[in-house]
There are 4 protein chains.
Amino acid sequence: MVKVCIVGSSGYTGIELIRGLLNHQEAQISQIVSRQYEGKTLSEVFPHLKNSRYADLQFSPEVDTESHDYYFLCLPHQPSLELAKKLIDKGKKVIDLSAAYRIKDTKVYPKYYKFEHSYPELLQQAVYGLPEVFREDIKKADLVANPGCYPTATILALYPAVKEGLVKGGKAVVNALSGISGAGRSVKQQFHYPEAFGNAYPYSPTGHRHIPEMEDVIKRASNRELKVRFTPHILPVSRGMISTVVFDTDYTKKDLIQLYKDYYKDEYFVRLTENPPQIKNVVGSNFCDIYIDFDSRTGQGIVISAIDNLGKGASLQAIQNFNLMLGIQEDSYIKEVSLLGILFP
Amino acid sequence: MVKVCIVGSSGYTGIELIRGLLNHQEAQISQIVSRQYEGKTLSEVFPHLKNSRYADLQFSPEVDTESHDYYFLCLPHQPSLELAKKLIDKGKKVIDLSAAYRIKDTKVYPKYYKFEHSYPELLQQAVYGLPEVFREDIKKADLVANPGCYPTATILALYPAVKEGLVKGGKAVVNALSGISGAGRSVKQQFHYPEAFGNAYPYSPTGHRHIPEMEDVIKRASNRELKVRFTPHILPVSRGMISTVVFDTDYTKKDLIQLYKDYYKDEYFVRLTENPPQIKNVVGSNFCDIYIDFDSRTGQGIVISAIDNLGKGASLQAIQNFNLMLGIQEDSYIKEVSLLGILFP
Amino acid sequence: MVKVCIVGSSGYTGIELIRGLLNHQEAQISQIVSRQYEGKTLSEVFPHLKNSRYADLQFSPEVDTESHDYYFLCLPHQPSLELAKKLIDKGKKVIDLSAAYRIKDTKVYPKYYKFEHSYPELLQQAVYGLPEVFREDIKKADLVANPGCYPTATILALYPAVKEGLVKGGKAVVNALSGISGAGRSVKQQFHYPEAFGNAYPYSPTGHRHIPEMEDVIKRASNRELKVRFTPHILPVSRGMISTVVFDTDYTKKDLIQLYKDYYKDEYFVRLTENPPQIKNVVGSNFCDIYIDFDSRTGQGIVISAIDNLGKGASLQAIQNFNLMLGIQEDSYIKEVSLLGILFP
Amino acid sequence: MVKVCIVGSSGYTGIELIRGLLNHQEAQISQIVSRQYEGKTLSEVFPHLKNSRYADLQFSPEVDTESHDYYFLCLPHQPSLELAKKLIDKGKKVIDLSAAYRIKDTKVYPKYYKFEHSYPELLQQAVYGLPEVFREDIKKADLVANPGCYPTATILALYPAVKEGLVKGGKAVVNALSGISGAGRSVKQQFHYPEAFGNAYPYSPTGHRHIPEMEDVIKRASNRELKVRFTPHILPVSRGMISTVVFDTDYTKKDLIQLYKDYYKDEYFVRLTENPPQIKNVVGSNFCDIYIDFDSRTGQGIVISAIDNLGKGASLQAIQNFNLMLGIQEDSYIKEVSLLGILFP
């Protein structure tokens with residue numbers, strides 16, 4: 001039984017990792033770290049976990065960097081940068097949910113994240129944790145940079161078309177919708193319930209931090225440059241994400257569908273849909289539902305993906321990576337989490 | 001492997017039964033009945049179930065009354081009354097989610113349900129499927145009348161106090177809140193999204209059908225008469241139910257808490273809470289969270305319970321009963337469904 | 001044109017006062033006070049007010065206690081206590097939306113509000129601003145203590161029955177539901193959107209601060225003592241409040257309805273309804289909808305009221321009081337605010 | 001006082017017209033037509049309108065085509081086509097909220113609306129009721145074709161840029177979000193509250209009916225052809241619409257902003273915003289908030305608009321047109337409706 005430490009375990013990605021690992025038979029959560037809740041038990045802070053496997057586990061204020069095998073980091077980017085380095089130096093396995101090791105081009109960090117990247121070598125070794133693209137590398141990785149939510153949804157929607165050269169003009173227009181949990185657990189005026197209730201709006205219209213991540217990964221995965229015109233929008237729901245991707249192409253709907261079928265035929269967590277995807281079909285799961293269409297009037301392909309921003313967009317994908325690193329079947333335990341976690345209605 | 005047929009499988013309780021049984025290792029869903037979706041596969045109608053165990057199972061238009069071992073009936077009251085009789089006569093096991101066999105006093109049916117009960121003998125044999133009260137009877141039952149959602153939440157909140165004679169004056173005031181899925185899947189003007197959005201209101205202020213069910217069961221379980229003054233309210237959420245119960249008593253908070261601890265100490269699915277319960281802590285699960293308090297100003301006990309109206313209030317409780325009837329551990333598989341089904345946030 | 005200052009103008013009651021006064025032809029908002037937004041214009045902070053009468057009005061950091069005629073105080077209780085005294089001493093008219101001057105019994109303050117009341121004389125002079133009960137006093141008042149939201153909804157539901165001695169046993173059980181704006185604009189973890197989304201729960205089960213306010217006012221208004229057993233619940237909506245009141249009585253439904261009709265026949269803002277009230281019918285308005293029923297099974301009256309907690313429960317009622325103090329027709333301008341503010345759907 | 005008849009008055013656009021006209025001093029609603037509610041009063045069906053000007057007005061089953069001056073048609077397209085013709089032939093003024101007279105190219109009707117247009121001459125005379133583009137024609141019109149909600153939001157976002165030739169390549173990518181009231185008041189499974197709750201999704205990914213309307217109007221208004229790549233999405237709110245428009249351009253952000261400022265400088269109901277617009281700032285109003293930006297990485301302009309789909313997107317715009325036809329100030333009474341109708345929070 002592998003010993004797992006979750007650092008930053010009281011944020012949304014941390015608590016979703018706990019849900020994802022509740023039934024995992026080959027991993028034991030041996031430490032949950034949170035300064036805010038030091039000394040409290042998991043079920044005191046999160047009463048929905050009463051009677052669960054980890055109900056009585058106490059939050060620790062400090063990371064024990066010695067005793068565990070795998071570390072999931074749910075921290076702000078800079079603390080994560082440092083802690084990952086320290087743990088890797090000690091020979092630990094790390095799955096980092098921050099952006100600290102996602103982008104190979106170090107120049108991006110000062111521009112988009114306001115810090116210089118101090119470990120460029122480790123950055124080069126880190127593997128981007130999108131199993132559908134980098135599976136074999138993940139299996140051998142010590143440090144996995146777990147993807148952002150928008151990049152997960154968008155790259156899965158774009159990857160086959162870009163890789164095979166079906167996207168013309170080197171650009172795609174991406175409009176995305178995200179539930180508010182994507183903004184984290186820290187309270188903010190605009191996410192105070194009475195203000196977010198019944199509201200929806202675009203934000204960061206020209207410089208969202210996930211743009212360089214998407215472009216960097218697409219380039220490395222496909223050997224092609226693509227500029228992403230990206231507009232994210234806030235949805236008044238807790239979880240769920242839609243990415244609606246439009247690109248010029250000379251290919252038909254049939255071509256596009258066949259291509260995506262070929263690419264994703266062995267992917268349990270990618271489901272091609274016959275109708276536009278709905279967030280309700282994926283919230284609670286590690287699934288990415290993808291719909292493919294072609295607009296003959298404008299000569300554009302349309303690919304629309306839906307994920308749970310905390311599931312495939314963060315913590316359940318992190319466990320998918322963890323399973324790969326462990327060398328066990330990729331969908332182990334999170335298949336059940338996914339199927340039992342989707343509520344209808 | 002026991003063979004299970006779900007009749008009325010495309011309504012909310014039917015689809016929640018399917019979720020609850022997805023991972024059940026000792027039962028196989030061998031038929032799902034729905035005239036509306038005849039010939040379609042489960043995942044065509046409910047795309048969130050794509051890649052699940054039953055994705056390709058087809059809806060049948062008619063019940064096969066021969067081939068299965070257990071029948072879950074998710075039907076209107078009168079069709080359920082008839083079908084249950086027919087199945088019992090054939091020696092089948094039946095869990096009926098309608099009200100057709102819940103109330104021993106047949107006079108209630110014409111008054112509250114507008115039909116005469118045609119099978120009074122079978123009604124007497126039927127066991128009310130609230131395991132925390134009638135566990136031993138359920139184990140031996142052929143026909144289980146699965147409780148209503150309001151009665152489940154309210155009886156679990158009242159039972160220890162009434163049974164031990166702590167309720168004075170023979171009355172309790174019950175205010176309850178319910179998510180809209182409790183009203184079923186059939187569309188109605190008042191539940192059209194734009195109208196229900198941002199709304200909340202009481203309904204059936206004096207004659208809700210669940211009143212005689214609560215009073216009948218409390219009487220049988222405790223040998224005491226109690227009049228329930230019951231006001232249900234609609235909440236603008238999909239799932240979740242709160243029952244806030246107030247009664248005159250001479251006992252203290254400490255007495256009340258001790259009593260409930262004693263009664264529910266071995267009940268996995270009943271969790272006594274230190275703070276008032278929240279629906280978010282139980283939605284997706286078979287848990288019933290209960291909070292106990294005493295108002296020294298008015299001399300009244302306050303007991304507040306929270307359940308998922310489709311979980312402990314319907315389908316997951318039905319599987320709890322099913323497990324008892326099978327003779328296997330009561331929480332089998334639905335423990336996992338419950339823990340993995342609660343999303344936070 | 002009367003000059004009006006709103007202190008605490010960037011909270012929810014402050015901004016609702018601005019909406020309520022936007023079209024008032026006999027009042028000019030001459031100062032809006034908010035330290036947080038010092039120097040910003042109203043429409044910079046609240047873009048929905050762009051192109052409105054006060055779009056370019058700037059927030060001031062300090063109250064000008066000299067230049068205005070009427071002061072609406074939307075402050076915490078203790079600062080309000082002090083500022084009201086200061087303004088009254090200068091001969092100003094004050095409408096205080098805090099609880100500082102609502103309860104005549106000074107002993108309540110240390111117990112429920114954690115401070116000693118330093119101005120007992122002024123407290124005695126203050127008039128409780130519920131026009132349907134204290135209209136004539138309000139007209140002559142210098143200091144109006146604007147009622148709390150739960151007391152407004154509950155007292156209007158109870159007043160005729162208590163006053164006429166129809167309530168037996170000296171107790172009533174009150175269950176109330178409130179939108180989250182009732183908790184104010186300050187961010188809190190439990191009201192962070194992803195956590196409040198889809199949630200509902202009771203809180204303060206035995207000692208809510210509005211209890212002594214309700215009991216004190218009912219006693220002064222009716223000369224009768226009544227104990228209120230009060231359970232408030234959080235609703236996942238921005239605005240809206242339901243108060244469901246149950247009491248023992250010997251009177252019939254017909255008696256009760258006739259009594260309420262008599263009491264409220266000249267009240268524009270109280271509407272007796274034939275069906276249980278819905279928050280959607282009053283959100284945005286100064287209306288209080290009231291439904292009356294009788295449970296012959298338990299011998300209890302049921303009165304259910306619905307208001308907008310920021311409307312009749314706070315700011316629009318404050319303007320109703322303001323109109324009375326001005327000596328103009330009570331519904332002036334807020335009648336239009338009410339009718340145009342209710343959106344269906 | 002002009003006499004107004006509202007046909008189809010119990011749907012969402014009908015009831016919003018009633019709200020919009022509640023305080024109109026130069027118009028009297030003299031008939032409300034609804035077969036469904038024949039004989040009932042307005043406040044019986046819509047209790048929120050109790051105590052309003054039209055509370056006691058009864059629904060009529062049939063249109064009186066003689067007695068009124070202005071007719072607002074809130075009907076399906078084909079009945080509207082016929083009734084408008086009949087009324088125009090009698091010399092009446094008509095504002096048609098259906099699509100029957102919006103698109104000059106008759107070939108669109110069989111393709112997108114599944115009927116042949118039987119009155120091509122009247123179609124040519126009809127004026128498209130977007131005052132910011134066709135104001136002078138509207139003033140003289142007998143028949144105004146009131147715009148669709150997506151076209152209103154999208155055309156206002158595109159018009160200045162297209163008209164002045166700033167859009168390169170003859171295409172724009174439009175992603176739009178709509179509250180569910182845009183789908184009308186008729187109940188549907190996908191809009192049953194428990195199913196729409198917490199959900200969001202794209203629909204009609206390649207052939208939405210509003211595409212030819214947008215393209216036809218843009219062409220007539222600007223003398224330029226533009227292909228619109230349009231993806232609408234459902235938002236889980238009652239009201240509100242966002243249109244996010246992206247197009248290739250050689251102009252800068254400064255150029256674009258200056259252009260829009262020039263075009264809309266005298267438009268009360270168009271507000272240019274400094275931050276991306278939010279639906280909460282316009283719901284309840286006739287405002288269209290517009291934000292302009294430029295993506296230098298991709299060489300694309302981004303224009304984002306927000307409206308209330310029932311306000312500027314339907315009924316309040318219809319009253320704006322009505323005011324123009326009457327020859328009174330365009331914002332009469334709906335300015336107040338707009339300012340008092342926006343609730344914050």
# chains A, B, ... in the order shown; residues from 1 in each chain; ligands from 1
>>> residues_around(residues="region 70-80 of chain D", least_positions_apart="2", cutoff="6 Å", atoms="only C-alpha atoms", output="list in words")
Val4, Cys5, Ile6, Val7, Gly8, His68, Glu82, Leu83, Ala84, Lys93, Val94, Ile95, Asp96, Leu97, Ser98, Ala99 and Ala100 of chain D
>>> interface_residues(of="chain A", to="chain D", cutoff="9 Å", atoms="only C-alpha atoms", output="ChimeraX atom specification")
/A:171,173,175,177,194-207,227-229,231,235-242,244,246,275-281,293-298,300,302,304,306,344-345
>>> select_by_dssp(residues="region 133-264 of chain B", states="strand (DSSP E)", output="PyMOL selection string")
chain B and resi 143-145+168-178+201-202+227-234+241-248
>>> select_by_dssp(residues="region 46-97 of chain D", states="helix (DSSP H, G or I)", output="PyMOL selection string")
chain D and resi 47-49+77-89
>>> write_last_selection(atoms="N, CA, C and O atoms", output="mmCIF file, in the first residue's frame")
data_model
loop_
_atom_site.group_PDB
_atom_site.id
_atom_site.type_symbol
_atom_site.label_atom_id
_atom_site.label_comp_id
_atom_site.auth_asym_id
_atom_site.auth_seq_id
_atom_site.Cartn_x
_atom_site.Cartn_y
_atom_site.Cartn_z
ATOM 1 N N PRO D 47 -49.956 36.228 -9.557
ATOM 2 C CA PRO D 47 -50.262 36.911 -8.296
ATOM 3 C C PRO D 47 -49.294 38.044 -7.958
ATOM 4 O O PRO D 47 -49.606 38.883 -7.122
ATOM 5 N N HIS D 48 -48.123 38.053 -8.603
ATOM 6 C CA HIS D 48 -47.209 39.164 -8.309
ATOM 7 C C HIS D 48 -47.780 40.487 -8.795
ATOM 8 O O HIS D 48 -47.303 41.547 -8.393
ATOM 9 N N LEU D 49 -48.801 40.457 -9.660
ATOM 10 C CA LEU D 49 -49.368 41.698 -10.183
ATOM 11 C C LEU D 49 -50.590 42.177 -9.416
ATOM 12 O O LEU D 49 -51.235 43.148 -9.802
ATOM 13 N N HIS D 77 -44.615 31.831 -35.021
ATOM 14 C CA HIS D 77 -44.354 32.559 -36.258
ATOM 15 C C HIS D 77 -45.529 32.556 -37.231
ATOM 16 O O HIS D 77 -45.908 33.596 -37.764
ATOM 17 N N GLN D 78 -46.128 31.406 -37.492
ATOM 18 C CA GLN D 78 -47.164 31.362 -38.524
ATOM 19 C C GLN D 78 -48.454 32.076 -38.130
ATOM 20 O O GLN D 78 -48.958 32.869 -38.902
ATOM 21 N N PRO D 79 -48.991 31.862 -36.946
ATOM 22 C CA PRO D 79 -50.167 32.662 -36.555
ATOM 23 C C PRO D 79 -49.860 34.159 -36.574
ATOM 24 O O PRO D 79 -50.708 34.981 -36.927
ATOM 25 N N SER D 80 -48.647 34.516 -36.236
ATOM 26 C CA SER D 80 -48.272 35.916 -36.227
ATOM 27 C C SER D 80 -48.264 36.485 -37.640
ATOM 28 O O SER D 80 -48.712 37.603 -37.893
ATOM 29 N N LEU D 81 -47.737 35.690 -38.567
ATOM 30 C CA LEU D 81 -47.719 36.070 -39.986
ATOM 31 C C LEU D 81 -49.113 36.467 -40.457
ATOM 32 O O LEU D 81 -49.309 37.513 -41.080
ATOM 33 N N GLU D 82 -50.089 35.632 -40.124
ATOM 34 C CA GLU D 82 -51.459 35.872 -40.585
ATOM 35 C C GLU D 82 -52.109 37.046 -39.862
ATOM 36 O O GLU D 82 -52.730 37.906 -40.482
ATOM 37 N N LEU D 83 -51.973 37.052 -38.558
ATOM 38 C CA LEU D 83 -52.657 38.093 -37.780
ATOM 39 C C LEU D 83 -52.098 39.469 -38.101
ATOM 40 O O LEU D 83 -52.855 40.456 -38.206
ATOM 41 N N ALA D 84 -50.795 39.563 -38.285
ATOM 42 C CA ALA D 84 -50.199 40.860 -38.606
ATOM 43 C C ALA D 84 -50.790 41.399 -39.907
ATOM 44 O O ALA D 84 -51.161 42.571 -40.015
ATOM 45 N N LYS D 85 -50.891 40.521 -40.895
ATOM 46 C CA LYS D 85 -51.449 40.930 -42.193
ATOM 47 C C LYS D 85 -52.870 41.467 -42.022
ATOM 48 O O LYS D 85 -53.217 42.544 -42.540
ATOM 49 N N LYS D 86 -53.661 40.729 -41.295
ATOM 50 C CA LYS D 86 -55.058 41.104 -41.070
ATOM 51 C C LYS D 86 -55.161 42.470 -40.386
ATOM 52 O O LYS D 86 -55.958 43.323 -40.770
ATOM 53 N N LEU D 87 -54.328 42.684 -39.383
ATOM 54 C CA LEU D 87 -54.383 43.933 -38.620
ATOM 55 C C LEU D 87 -53.886 45.105 -39.465
ATOM 56 O O LEU D 87 -54.459 46.205 -39.426
ATOM 57 N N ILE D 88 -52.832 44.878 -40.222
ATOM 58 C CA ILE D 88 -52.307 45.941 -41.080
ATOM 59 C C ILE D 88 -53.362 46.330 -42.125
ATOM 60 O O ILE D 88 -53.584 47.514 -42.409
ATOM 61 N N ASP D 89 -54.049 45.333 -42.632
ATOM 62 C CA ASP D 89 -55.110 45.609 -43.607
ATOM 63 C C ASP D 89 -56.227 46.453 -43.005
ATOM 64 O O ASP D 89 -56.925 47.172 -43.706
#
>>> atom_distance(atom1="CA of Glu274 (chain D)", atom2="CA of Gly313 (chain D)")
22.1 Å
>>> atom_distance(atom1="CA of Leu21 (chain A)", atom2="CA of Asn51 (chain B)")
20.8 Å
>>> residues_around(residues="Glu62 (chain D)", least_positions_apart="5", cutoff="9 Å", atoms="only C-alpha atoms", output="PyMOL selection string")
chain D and resi 7+33-35+38
>>> residues_around(residues="region 255-266 of chain C", least_positions_apart="2", cutoff="10 Å", atoms="only C-alpha atoms", output="list in words")
Glu132, Val133, Leu156, Ala157, Leu158, Tyr159, Pro160, Ala161, Glu164, Leu166, Thr249, Asp250, Tyr251, Thr252, Lys253, Tyr268, Phe269, Val270, Arg271, Leu272, Ile290, Tyr291, Ile292, Asp293, Phe294, Gly301, Ile302 and Val303 of chain C
>>> atom_distance(atom1="CA of Arg185 (chain C)", atom2="CA of Val108 (chain C)")
25.7 Å
>>> closest_residue(among="B:Phe59, B:Phe191, B:Tyr109, B:Tyr128", to="Gly14 (chain B)", atoms="only C-alpha atoms")
B:Phe59
